Every structure is written in C-alpha cells, then in structure tokens.
file model-v1.cif (mmCIF, C-alpha atoms)
data_entry
loop_
_atom_site.label_atom_id
_atom_site.label_comp_id
_atom_site.auth_asym_id
_atom_site.auth_seq_id
_atom_site.Cartn_x
_atom_site.Cartn_y
_atom_site.Cartn_z
CA MET A 16 0.00 0.00 0.00
CA GLU A 17 1.15 3.54 -0.72
CA HIS A 18 1.94 5.79 2.20
CA LEU A 19 -0.70 8.31 3.10
CA ASP A 20 0.41 11.80 2.29
CA ASP A 21 1.36 14.04 5.21
CA ASP A 22 -1.44 16.50 4.60
CA LYS A 23 -4.12 13.82 4.72
CA LEU A 24 -2.65 12.34 7.90
CA GLN A 25 -2.38 15.75 9.53
CA ARG A 26 -5.99 16.55 8.58
CA LEU A 27 -7.10 13.25 10.12
CA PHE A 28 -5.18 14.18 13.28
CA ASP A 29 -6.78 17.65 13.28
CA ASP A 30 -10.21 16.11 12.69
CA ASP A 31 -10.42 18.19 9.54
CA LEU A 32 -11.47 15.49 7.05
CA THR A 33 -14.98 14.94 5.75
CA GLU A 34 -16.82 12.01 7.24
CA GLY A 35 -16.24 9.80 4.22
CA GLU A 36 -12.58 10.76 3.82
CA ALA A 37 -12.00 10.11 7.51
CA ILE A 38 -13.44 6.60 7.12
CA LEU A 39 -11.07 5.81 4.28
CA VAL A 40 -7.98 7.29 5.90
CA ARG A 41 -8.75 5.72 9.28
CA ARG A 42 -9.12 2.36 7.56
CA ASP A 43 -5.72 2.77 5.92
CA VAL A 44 -4.16 3.80 9.23
CA GLU A 45 -5.70 0.83 11.01
CA SER A 46 -4.35 -1.60 8.45
CA SER A 47 -0.79 -0.23 8.43
CA PRO A 48 1.59 -0.32 11.41
CA LEU A 49 3.66 2.37 9.71
CA GLU A 50 0.72 4.78 9.44
CA LYS A 51 -0.19 3.97 13.04
CA ALA A 52 3.32 4.93 14.06
CA ARG A 53 3.06 8.20 12.12
CA ILE A 54 -0.19 9.06 13.86
CA ALA A 55 1.41 8.24 17.23
CA GLN A 56 4.29 10.52 16.29
CA LEU A 57 1.86 13.36 15.51
CA GLU A 58 0.19 12.81 18.87
CA ARG A 59 3.54 12.92 20.67
CA LEU A 60 4.49 16.09 18.82
CA GLY A 61 1.17 17.71 19.69
CA GLU A 62 1.62 16.80 23.34
CA LEU A 63 5.15 18.24 23.39
CA VAL A 64 3.98 21.53 21.87
CA ARG A 65 1.15 21.74 24.40
CA LEU A 66 3.49 21.06 27.34
CA ALA A 67 6.00 23.62 26.08
CA ALA A 68 3.26 26.23 25.72
CA ASP A 69 2.01 25.52 29.25
CA ASP A 70 5.54 25.85 30.69
CA LEU A 71 6.12 29.09 28.86
CA ALA A 72 2.85 30.57 30.08
CA ALA A 73 3.57 29.51 33.68
CA ASP A 74 7.07 31.02 33.64
CA ILE A 75 5.97 34.48 32.56
CA ASP A 76 5.38 36.78 35.51
CA SER A 77 3.72 39.77 33.90
CA ASP A 78 3.99 42.02 36.99
CA ALA A 79 7.73 41.40 37.21
CA LEU A 80 8.05 42.02 33.49
CA PHE A 81 6.32 45.40 33.67
CA ALA A 82 8.27 46.36 36.82
CA GLU A 83 11.45 45.56 34.94
CA ILE A 84 10.41 47.74 31.99
CA ASP A 85 9.45 50.54 34.35
CA ALA A 86 12.81 50.31 36.15
CA GLY A 87 14.62 50.28 32.83
CA ILE A 88 12.87 53.46 31.70
CA LYS A 89 13.70 55.18 35.00
CA ALA A 90 17.35 54.08 34.82
CA SER A 91 17.84 55.57 31.35
CA PRO A 92 15.35 58.39 30.97
CA ASN A 93 14.07 58.97 27.51
CA PRO A 94 11.59 61.77 26.87
CA ARG A 95 9.58 59.54 24.55
CA LEU A 96 9.44 56.66 27.06
CA GLN A 97 8.17 57.72 30.44
CA VAL A 98 5.45 56.57 32.78
CA ILE A 99 3.00 59.38 33.47
CA GLU A 100 0.83 58.14 36.39
CA GLY A 101 -1.44 61.19 36.55
CA GLU A 102 -2.31 61.03 32.85
CA ARG A 103 -3.25 57.36 33.08
CA GLN A 104 -5.63 58.03 35.97
CA ARG A 105 -7.17 61.01 34.21
CA GLN A 106 -7.68 58.86 31.12
CA LYS A 107 -9.44 56.17 33.22
CA ALA A 108 -11.75 58.77 34.74
CA GLY A 109 -12.49 60.18 31.27
CA VAL A 110 -13.41 56.74 29.93
CA ALA A 111 -15.76 56.12 32.89
CA VAL A 112 -17.54 59.44 32.35
CA ALA A 113 -17.86 58.73 28.60
CA VAL A 114 -19.36 55.27 29.25
CA ALA A 115 -21.85 56.71 31.76
CA LEU A 116 -22.88 59.41 29.27
CA ALA A 117 -23.32 56.83 26.48
CA ILE A 118 -25.57 54.67 28.68
CA ALA A 119 -27.66 57.69 29.70
CA ALA A 120 -28.03 58.73 26.04
CA ALA A 121 -29.11 55.20 25.03
CA VAL A 122 -31.76 55.06 27.80
CA THR A 123 -33.11 58.49 26.82
CA LEU A 124 -33.34 57.47 23.17
CA VAL A 125 -35.21 54.26 24.00
CA LEU A 126 -37.71 56.16 26.17
CA LEU A 127 -38.24 58.86 23.55
CA LEU A 128 -38.60 56.60 20.52
CA ASN A 129 -40.80 53.83 22.02
CA PRO A 130 -44.48 54.83 21.96
CA THR A 131 -46.41 54.41 25.18
CA LYS A 132 -49.25 51.86 25.46
CA ASP A 133 -51.78 54.68 25.22
CA GLU A 134 -50.23 55.93 22.00
CA VAL A 135 -50.40 52.44 20.48
CA ALA A 136 -53.99 51.85 21.62
CA GLY A 137 -55.09 55.17 20.19
CA ARG A 138 -53.74 54.44 16.74
CA HIS A 139 -56.43 53.69 14.19
CA PRO A 140 -56.03 50.42 12.26
CA MET A 141 -56.30 52.37 9.02
CA ASP A 142 -53.56 54.74 10.09
CA THR A 143 -52.27 56.28 6.90
CA ASP A 144 -48.87 56.98 8.49
CA ARG A 145 -48.08 53.34 8.19
CA GLU A 146 -46.79 52.02 4.93
CA ALA A 147 -49.18 49.66 3.22
CA VAL A 148 -47.58 46.66 1.53
CA ALA A 149 -49.50 44.91 -1.19
CA HIS A 150 -48.62 41.35 -2.16
CA GLU A 151 -49.65 40.16 -5.56
CA VAL A 152 -50.53 36.49 -5.49
CA GLU A 153 -50.96 34.63 -8.69
CA ILE A 154 -53.49 31.89 -8.25
CA GLU A 155 -52.78 29.12 -10.68
CA ASP A 156 -55.31 26.68 -11.91
CA PRO A 157 -54.94 23.55 -9.70
CA GLU A 158 -56.01 21.43 -12.65
CA LEU A 159 -52.96 22.54 -14.62
CA ARG A 160 -50.43 22.27 -11.79
CA LEU A 161 -47.58 19.82 -12.42
CA VAL A 162 -46.33 17.84 -9.47
CA HIS A 163 -42.63 17.05 -9.43
CA PRO A 164 -41.37 14.63 -6.82
CA PRO A 165 -38.65 16.07 -4.58
CA ALA A 166 -35.36 15.39 -6.32
CA GLY A 167 -32.70 13.12 -4.88
CA SER A 168 -32.68 10.15 -2.61
CA GLU A 169 -32.66 9.77 1.14
CA VAL A 170 -32.21 7.02 3.68
CA LEU A 171 -35.32 6.18 5.68
CA ASP A 172 -33.86 3.39 7.74
CA VAL A 173 -30.64 1.43 7.91
CA ASP A 174 -29.46 -1.51 9.98
CA PHE A 175 -25.75 -2.23 9.75
CA GLY A 176 -26.09 -5.50 11.67
CA SER A 177 -22.75 -6.51 13.16
CA ASN A 178 -20.90 -3.92 11.04
CA THR A 179 -20.44 -0.27 11.70
CA GLY A 180 -21.27 2.38 9.19
CA THR A 181 -22.71 5.74 8.48
CA HIS A 182 -24.98 7.43 5.98
CA PHE A 183 -24.82 10.89 4.49
CA SER A 184 -25.60 12.74 1.27
CA VAL A 185 -23.56 13.85 -1.70
CA LEU A 186 -24.77 16.39 -4.21
CA GLY A 187 -25.93 15.17 -7.59
CA ASP A 188 -25.51 16.96 -10.91
CA ARG A 189 -28.56 19.14 -10.27
CA GLY A 190 -27.56 19.85 -6.69
CA GLN A 191 -30.00 17.25 -5.38
CA PRO A 192 -28.97 15.24 -2.29
CA LEU A 193 -28.10 11.63 -3.05
CA ALA A 194 -28.03 9.10 -0.24
CA VAL A 195 -24.78 7.28 0.51
CA VAL A 196 -24.56 4.40 2.93
CA TRP A 197 -20.98 3.61 3.92
CA ILE A 198 -20.26 0.33 5.63
CA ASP A 199 -16.98 0.20 7.48
CA GLU A 200 -15.25 -3.01 6.53
CA GLU A 201 -11.73 -4.03 7.41
CA ALA A 202 -9.62 -5.09 4.46
CA PRO A 203 -9.38 -8.92 4.40
CA MET B 1 -73.16 13.66 -37.48
CA MET B 2 -70.40 14.45 -34.95
CA SER B 3 -68.50 17.71 -35.41
CA ARG B 4 -64.76 17.59 -36.19
CA PRO B 5 -63.53 19.18 -32.95
CA PHE B 6 -65.66 16.76 -30.98
CA LEU B 7 -64.15 13.81 -32.86
CA ILE B 8 -60.62 15.05 -32.12
CA PHE B 9 -61.51 15.42 -28.46
CA LEU B 10 -62.95 11.90 -28.38
CA VAL B 11 -59.83 10.35 -29.95
CA ALA B 12 -57.51 12.32 -27.66
CA PHE B 13 -59.54 11.25 -24.63
CA ALA B 14 -59.38 7.61 -25.70
CA LEU B 15 -55.62 7.73 -26.30
CA ALA B 16 -54.71 9.67 -23.16
CA PRO B 17 -54.01 6.62 -20.96
CA ILE B 18 -51.71 5.21 -23.64
CA ALA B 19 -49.77 8.44 -24.06
CA VAL B 20 -48.94 8.81 -20.36
CA PRO B 21 -48.68 5.40 -18.75
CA PRO B 22 -49.15 5.72 -15.00
CA VAL B 23 -46.64 4.06 -12.68
CA SER B 24 -48.86 1.62 -10.90
CA ALA B 25 -48.33 -1.31 -8.65
CA GLN B 26 -48.61 -3.67 -11.60
CA SER B 27 -46.19 -2.02 -14.03
CA ALA B 28 -42.50 -2.88 -13.95
CA THR B 29 -40.08 -0.14 -13.08
CA PRO B 30 -36.62 -0.22 -14.62
CA ALA B 31 -33.75 -0.10 -12.19
CA GLU B 32 -30.07 0.22 -12.98
CA ILE B 33 -27.47 -1.28 -10.70
CA PHE B 34 -23.81 -0.59 -11.23
CA VAL B 35 -20.95 -1.94 -9.20
CA VAL B 36 -17.76 0.09 -9.25
CA LEU B 37 -14.37 -0.94 -7.93
CA ALA B 38 -12.83 2.25 -6.61
CA LYS B 39 -9.19 2.54 -5.62
CA GLU B 40 -7.11 5.29 -4.11
CA ALA B 41 -4.17 4.34 -6.29
CA PRO B 42 -3.81 6.52 -9.39
CA GLY B 43 -5.53 5.12 -12.46
CA THR B 44 -8.38 5.83 -14.81
CA VAL B 45 -12.02 6.55 -14.19
CA ASP B 46 -14.37 4.63 -16.47
CA PRO B 47 -15.84 7.13 -18.99
CA ALA B 48 -19.23 5.47 -18.52
CA LEU B 49 -19.31 7.13 -15.11
CA ALA B 50 -19.10 10.59 -16.66
CA ASP B 51 -22.79 11.22 -16.04
CA MET B 52 -22.36 10.36 -12.36
CA GLY B 53 -21.14 13.69 -11.00
CA ALA B 54 -21.69 12.55 -7.41
CA LEU B 55 -18.77 10.14 -7.78
CA ARG B 56 -16.43 13.07 -8.41
CA ARG B 57 -17.41 14.75 -5.16
CA PRO B 58 -16.18 14.03 -1.61
CA PRO B 59 -15.77 11.44 -0.27
CA PHE B 60 -15.67 9.63 -3.62
CA ASN B 61 -13.07 12.01 -5.02
CA ALA B 62 -10.57 10.35 -2.67
CA PHE B 63 -10.60 7.49 -5.18
CA ARG B 64 -8.37 8.05 -8.17
CA SER B 65 -9.43 5.04 -10.21
CA MET B 66 -12.88 3.67 -10.84
CA GLU B 67 -13.71 0.59 -12.84
CA ILE B 68 -17.22 -0.63 -13.53
CA LEU B 69 -17.32 -4.31 -12.63
CA GLU B 70 -21.01 -4.82 -13.32
CA ARG B 71 -23.84 -2.83 -14.78
CA ASP B 72 -27.28 -4.42 -14.91
CA THR B 73 -30.73 -3.18 -15.70
CA ILE B 74 -33.50 -5.05 -14.01
CA ARG B 75 -37.23 -4.55 -13.87
CA LEU B 76 -38.74 -4.15 -10.46
CA ARG B 77 -42.31 -4.97 -9.63
CA GLN B 78 -43.79 -3.84 -6.38
CA GLY B 79 -43.46 -6.46 -3.67
CA GLN B 80 -41.32 -8.78 -5.80
CA PRO B 81 -37.66 -8.83 -4.70
CA GLN B 82 -34.82 -9.25 -7.18
CA GLU B 83 -31.44 -10.70 -6.30
CA LEU B 84 -28.04 -10.04 -7.86
CA THR B 85 -24.68 -11.61 -7.13
CA LEU B 86 -21.98 -9.06 -6.41
CA PRO B 87 -18.36 -9.52 -7.57
CA ASN B 88 -17.40 -10.59 -4.05
CA GLY B 89 -19.98 -13.38 -4.09
CA ARG B 90 -22.41 -11.61 -1.81
CA LYS B 91 -26.07 -11.33 -2.76
CA LEU B 92 -27.72 -7.98 -3.21
CA ARG B 93 -31.45 -8.11 -2.77
CA ILE B 94 -33.59 -5.22 -3.90
CA LEU B 95 -37.29 -4.76 -3.38
CA LEU B 96 -39.56 -2.01 -4.64
CA GLN B 97 -41.82 -1.51 -1.66
CA ARG B 98 -44.11 1.13 -3.07
CA VAL B 99 -44.49 4.07 -5.36
CA MET B 100 -45.16 7.11 -3.22
CA PRO B 101 -48.00 9.52 -4.11
CA ASP B 102 -45.38 12.10 -5.12
CA GLY B 103 -43.84 9.68 -7.63
CA ARG B 104 -40.80 8.64 -5.59
CA PHE B 105 -39.88 5.02 -5.03
CA ARG B 106 -39.49 3.41 -1.65
CA VAL B 107 -36.88 0.71 -2.02
CA ARG B 108 -35.53 -1.85 0.39
CA VAL B 109 -32.03 -3.24 -0.07
CA SER B 110 -30.11 -5.89 1.82
CA ILE B 111 -26.80 -7.70 1.26
CA LYS B 112 -26.08 -11.25 2.37
CA ARG B 113 -22.73 -12.91 2.73
CA GLU B 114 -21.96 -16.10 0.86
CA GLU B 115 -22.40 -18.03 4.09
CA GLY B 116 -25.94 -16.72 4.25
CA ASN B 117 -25.65 -14.32 7.17
CA SER B 118 -26.47 -10.69 6.69
CA TYR B 119 -23.84 -8.17 5.78
CA LEU B 120 -26.28 -5.28 5.45
CA PRO B 121 -29.53 -6.49 6.98
CA LEU B 122 -31.66 -3.51 6.00
CA LEU B 123 -31.51 -0.34 4.01
CA GLN B 124 -34.67 1.53 3.21
CA VAL B 125 -34.40 4.42 0.82
CA VAL B 126 -36.77 6.76 -0.90
CA ALA B 127 -35.55 7.94 -4.29
CA SER B 128 -36.84 10.19 -7.00
CA PRO B 129 -37.03 8.57 -10.47
CA GLY B 130 -33.56 8.40 -11.98
CA ASP B 131 -31.76 9.71 -8.90
CA PRO B 132 -29.28 7.15 -7.57
CA PHE B 133 -28.29 6.13 -4.09
CA PHE B 134 -25.03 4.45 -3.15
CA VAL B 135 -23.91 1.63 -0.91
CA ALA B 136 -20.16 1.76 -0.45
CA GLY B 137 -17.44 0.37 1.75
CA GLN B 138 -17.03 -3.33 0.98
CA ALA B 139 -13.34 -4.13 0.61
CA HIS B 140 -12.61 -5.95 -2.65
CA GLN B 141 -9.40 -6.60 -4.62
CA GLY B 142 -7.45 -3.86 -2.89
CA GLY B 143 -10.19 -1.34 -3.37
CA THR B 144 -13.68 -0.47 -2.27
CA LEU B 145 -16.93 -1.48 -3.89
CA VAL B 146 -19.33 1.34 -4.64
CA ILE B 147 -22.78 0.11 -5.59
CA GLY B 148 -25.06 2.62 -7.27
CA ILE B 149 -28.76 1.93 -7.62
CA ARG B 150 -31.00 4.07 -9.80
CA VAL B 151 -34.72 3.30 -9.87
CA GLY B 152 -36.96 4.61 -12.63
CA GLN B 153 -36.06 7.11 -15.26
CA ALA B 154 -35.41 10.76 -14.70
CA PRO B 155 -38.19 12.89 -16.14
CA THR B 156 -37.13 15.02 -19.08
CA ARG B 157 -36.78 18.55 -17.75
#

call {"tool": "encode", "arguments": {"input": "model-v1.cif", "output": "structure tokens"}}
result
Amino acid sequence: MEHLDDDKLQRLFDDDLTEGEAILVRRDVESSPLEKARIAQLERLGELVRLAADDLAADIDSDALFAEIDAGIKASPNPRLQVIEGERQRQKAGVAVAVALAIAAAVTLVLLLNPTKDEVAGRHPMDTDREAVAHEVEIEDPELRLVHPPAGSEVLDVDFGSNTGTHFSVLGDRGQPLAVVWIDEEAP
Amino acid sequence: MMSRPFLIFLVAFALAPIAVPPVSAQSATPAEIFVVLAKEAPGTVDPALADMGALRRPPFNAFRSMEILERDTIRLRQGQPQELTLPNGRKLRILLQRVMPDGRFRVRVSIKREEGNSYLPLLQVVASPGDPFFVAGQAHQGGTLVIGIRVGQAPTR
C-alpha cells in the first residue's frame, strides 16, 4: 500500500477530514503499522507543543516584566518613554464618564422613541402613516399544476447488523442530495 | 353527425391513458445497478461514469481510479424482490416496496454474505425517479466497492 500523504494524515489528526474521507484514511491507518506509528508521532508532537506552551505561560510573571520595563525606563530616561501616572488616571476617569454618558443617552433614546401603550392603543387600524404593503398572489389553476417529486434520494432506515457504518448525502448533478450508505469493513 | 372538434376530443380522450402510462403497482419499473471498484491508487475513471457527478465529489473524489465491474438493468415490480450476485460473491437483494404519491420510489435493499448471514440487513431508501443512491465500503481486490442503484427514469426537464 502507498503511504498516506502528510497532509491527509495531519488533517485526520486535526479532525479536519470529511466524514467519508475520515473513514477511508482511518481504515488505511488501522491496516498499516507504519501509518499507526506516524499518527502516534503526531500525537507525541502535539503533546510536546502543548506542554512547552504551558511551561512558557507559567514562567511568565507579567507584573515582574512590567516592573522591569518601568525600572529600565527610569534608569535611562528617555523623553519619549516615560510613565505618566497622573495622565493614566485622568484617562481612566475620562473613559468612565464617557461610558456613563453613552448609557444615559441610550436610555433616553429608547424612552423617547418607544411609543407608550396609550399611544399604540389610540392608533387607528387604518392609520395612513403606516406604509401599506401589497402582495400580488398569482393563483394558478390547480387542474394545470404539475407535481414534481422532490429530487434526490434519502435514507429512511438502515441496519448495519454486526458492522459499523454511516450514511450521508452527496450532491448530484442538479444539486439534489443523493443518499450514501458507507459500511466500514476491514480489508481482508 | 359528430362535429370535427368533438371527434378530435374523443380520440384524444381515448388515447390519453396510452400516451402517459401511470406508474402503478402492476407495471415494472426499470432499475439500474452498477458496481464500481474504486481505488485510491492513481488510475483511470471509467468514462461510462461521466454522467455520475456525485462520484467526483467528496468522499468519492478520494478514489483516483474507478472501474465498472457490473452494470445491470433489471425490472422491479412492487413487492417482488430481485437478487443479484456481487463480484465478491455476496447477494444484493432489492425490493420495490411502493411508489409514493409524489412519484418517488421506496426501495428496500439488503446484502447477504456467501455463508448466508447478513452483511447489510436492512436499508430503506426513498428515491426520485432516476436519482441514484449508493452503498459503499465493501473491501474488494485492494479497493472499495461502490454500488449505485438508480430506480426509474429521470423525467425530461
């Protein structure tokens, strides 16, 4: 058997294959010790990357990092790099006031634009302020109507017995769904 | 003496059932069964499958060679099962259960192993005339069998 290409194997590992493709690739993996080993290798690699990322995240002390930057700026003053405490606090206060004003404006708008119950009750059903929408309905002669069965095929019931399997649809030439029943069978 | 338009109407009325034969319980419905050996190894795709666009779409597009092993046309009568022997010796049984009021066919399919036990005990499908359904997955000669079943004929659109 030919080796599975790396992309296909990686997509199987990432659970990125379609259902049918996954069945085929998994079958090939199951029947080949080499492919099994490659999958195991991918799993090991994934685990190593995850562990490394966890270690890295645990080692970073953000407070210490910022304190270090702050100390560095103080040690070698640079007019374009300085911590201005007062400005930061003023900015925070400004943001809070802006948010409060935005909320107040939103509440006022809602109260002004929503009509009260009395206003709604007093509105005449033939109110000319409202836009009238007319729908034109063409009534066809039922005697002349042609009935087309829904296109495609679909599974109503399936019993795989002692096998495993799945069913799904593929699109036909006219875009109609066509039923596919896939029975998972190990190569003899 | 009958008028000419009336005569034409009478003849047309008399011939109407002949012109459009209804699909009834008694009439036989043609069904096409094709068995394809599909392999992932590079190769050719039988040109006879050109009208089967579904076989070029996933997951079938994972196969790079397709060879038609069998192609049979049978006539199905409601309630009367038909049996075909597959290339792997298994028996495919197909039964037209009923013609639905909307013109679709309700079909029952099962596959038995050579030893007699069931491989696919039951598959019940409803299909529009001429629209196939597929049973795939049996391992055979280093490939996979894809069985396509098409009941009735697609209406001319």

call {"tool": "closest_residue", "arguments": {"input": "model-v1.cif", "among": "A:Arg59, A:His163, A:Phe175, A:Arg26", "to": "Arg41 of chain A", "atoms": "all atoms listed in the file"}}
result
A:Arg26

call {"tool": "atom_distance", "arguments": {"input": "model-v1.cif", "atom1": "atom CA of Lys23 of chain A", "atom2": "atom CA of Ile54 of chain A"}}
result
11.0 Å

call {"tool": "resolve_selection", "arguments": {"input": "model-v1.cif", "expression": "the PyMOL selection byres ((chain B) within 7 of (chain A))", "output": "PyMOL selection string"}}
result
chain B and resi 53-54+59+62+102-104+119-128+131-139

call {"tool": "closest_residue", "arguments": {"input": "model-v1.cif", "among": "B:Ile74, B:Val109, B:Leu86, B:Ile94", "to": "Thr29 of chain B", "atoms": "only C-alpha atoms"}}
result
B:Ile74

call {"tool": "residues_near_point", "arguments": {"input": "model-v1.cif", "point": "(-23.9, -5.6, -4.7)", "cutoff": "7 Å", "atoms": "only C-alpha atoms", "output": "ChimeraX atom specification"}}
result
/B:35,84-86,90-92,111,147

call {"tool": "atom_distance", "arguments": {"input": "model-v1.cif", "atom1": "atom CA of Ser27 of chain B", "atom2": "atom CA of Arg77 of chain B"}}
result
6.6 Å

call {"tool": "resolve_selection", "arguments": {"input": "model-v1.cif", "expression": "the PyMOL selection byres ((chain B and resi 42) around 9)", "output": "MDAnalysis selection string"}}
result
chainID B and resid 39:41 43:44 63:65

call {"tool": "closest_residue", "arguments": {"input": "model-v1.cif", "among": "A:Ile118, A:Leu27, A:Asp85, A:Ala79", "to": "Val44 of chain A", "atoms": "all atoms listed in the file"}}
result
A:Leu27

call {"tool": "atom_distance", "arguments": {"input": "model-v1.cif", "atom1": "atom CA of Arg71 of chain B", "atom2": "atom CA of Gly148 of chain B"}}
result
9.4 Å

call {"tool": "closest_residue", "arguments": {"input": "model-v1.cif", "among": "A:Glu62, A:Lys51, A:Ala82, A:Arg42", "to": "Gly143 of chain B", "atoms": "only C-alpha atoms"}}
result
A:Arg42

call {"tool": "closest_residue", "arguments": {"input": "model-v1.cif", "among": "B:Glu67, B:Asp72, B:Asp51, B:Asp46", "to": "Ile149 of chain B", "atoms": "all atoms listed in the file"}}
result
B:Asp72
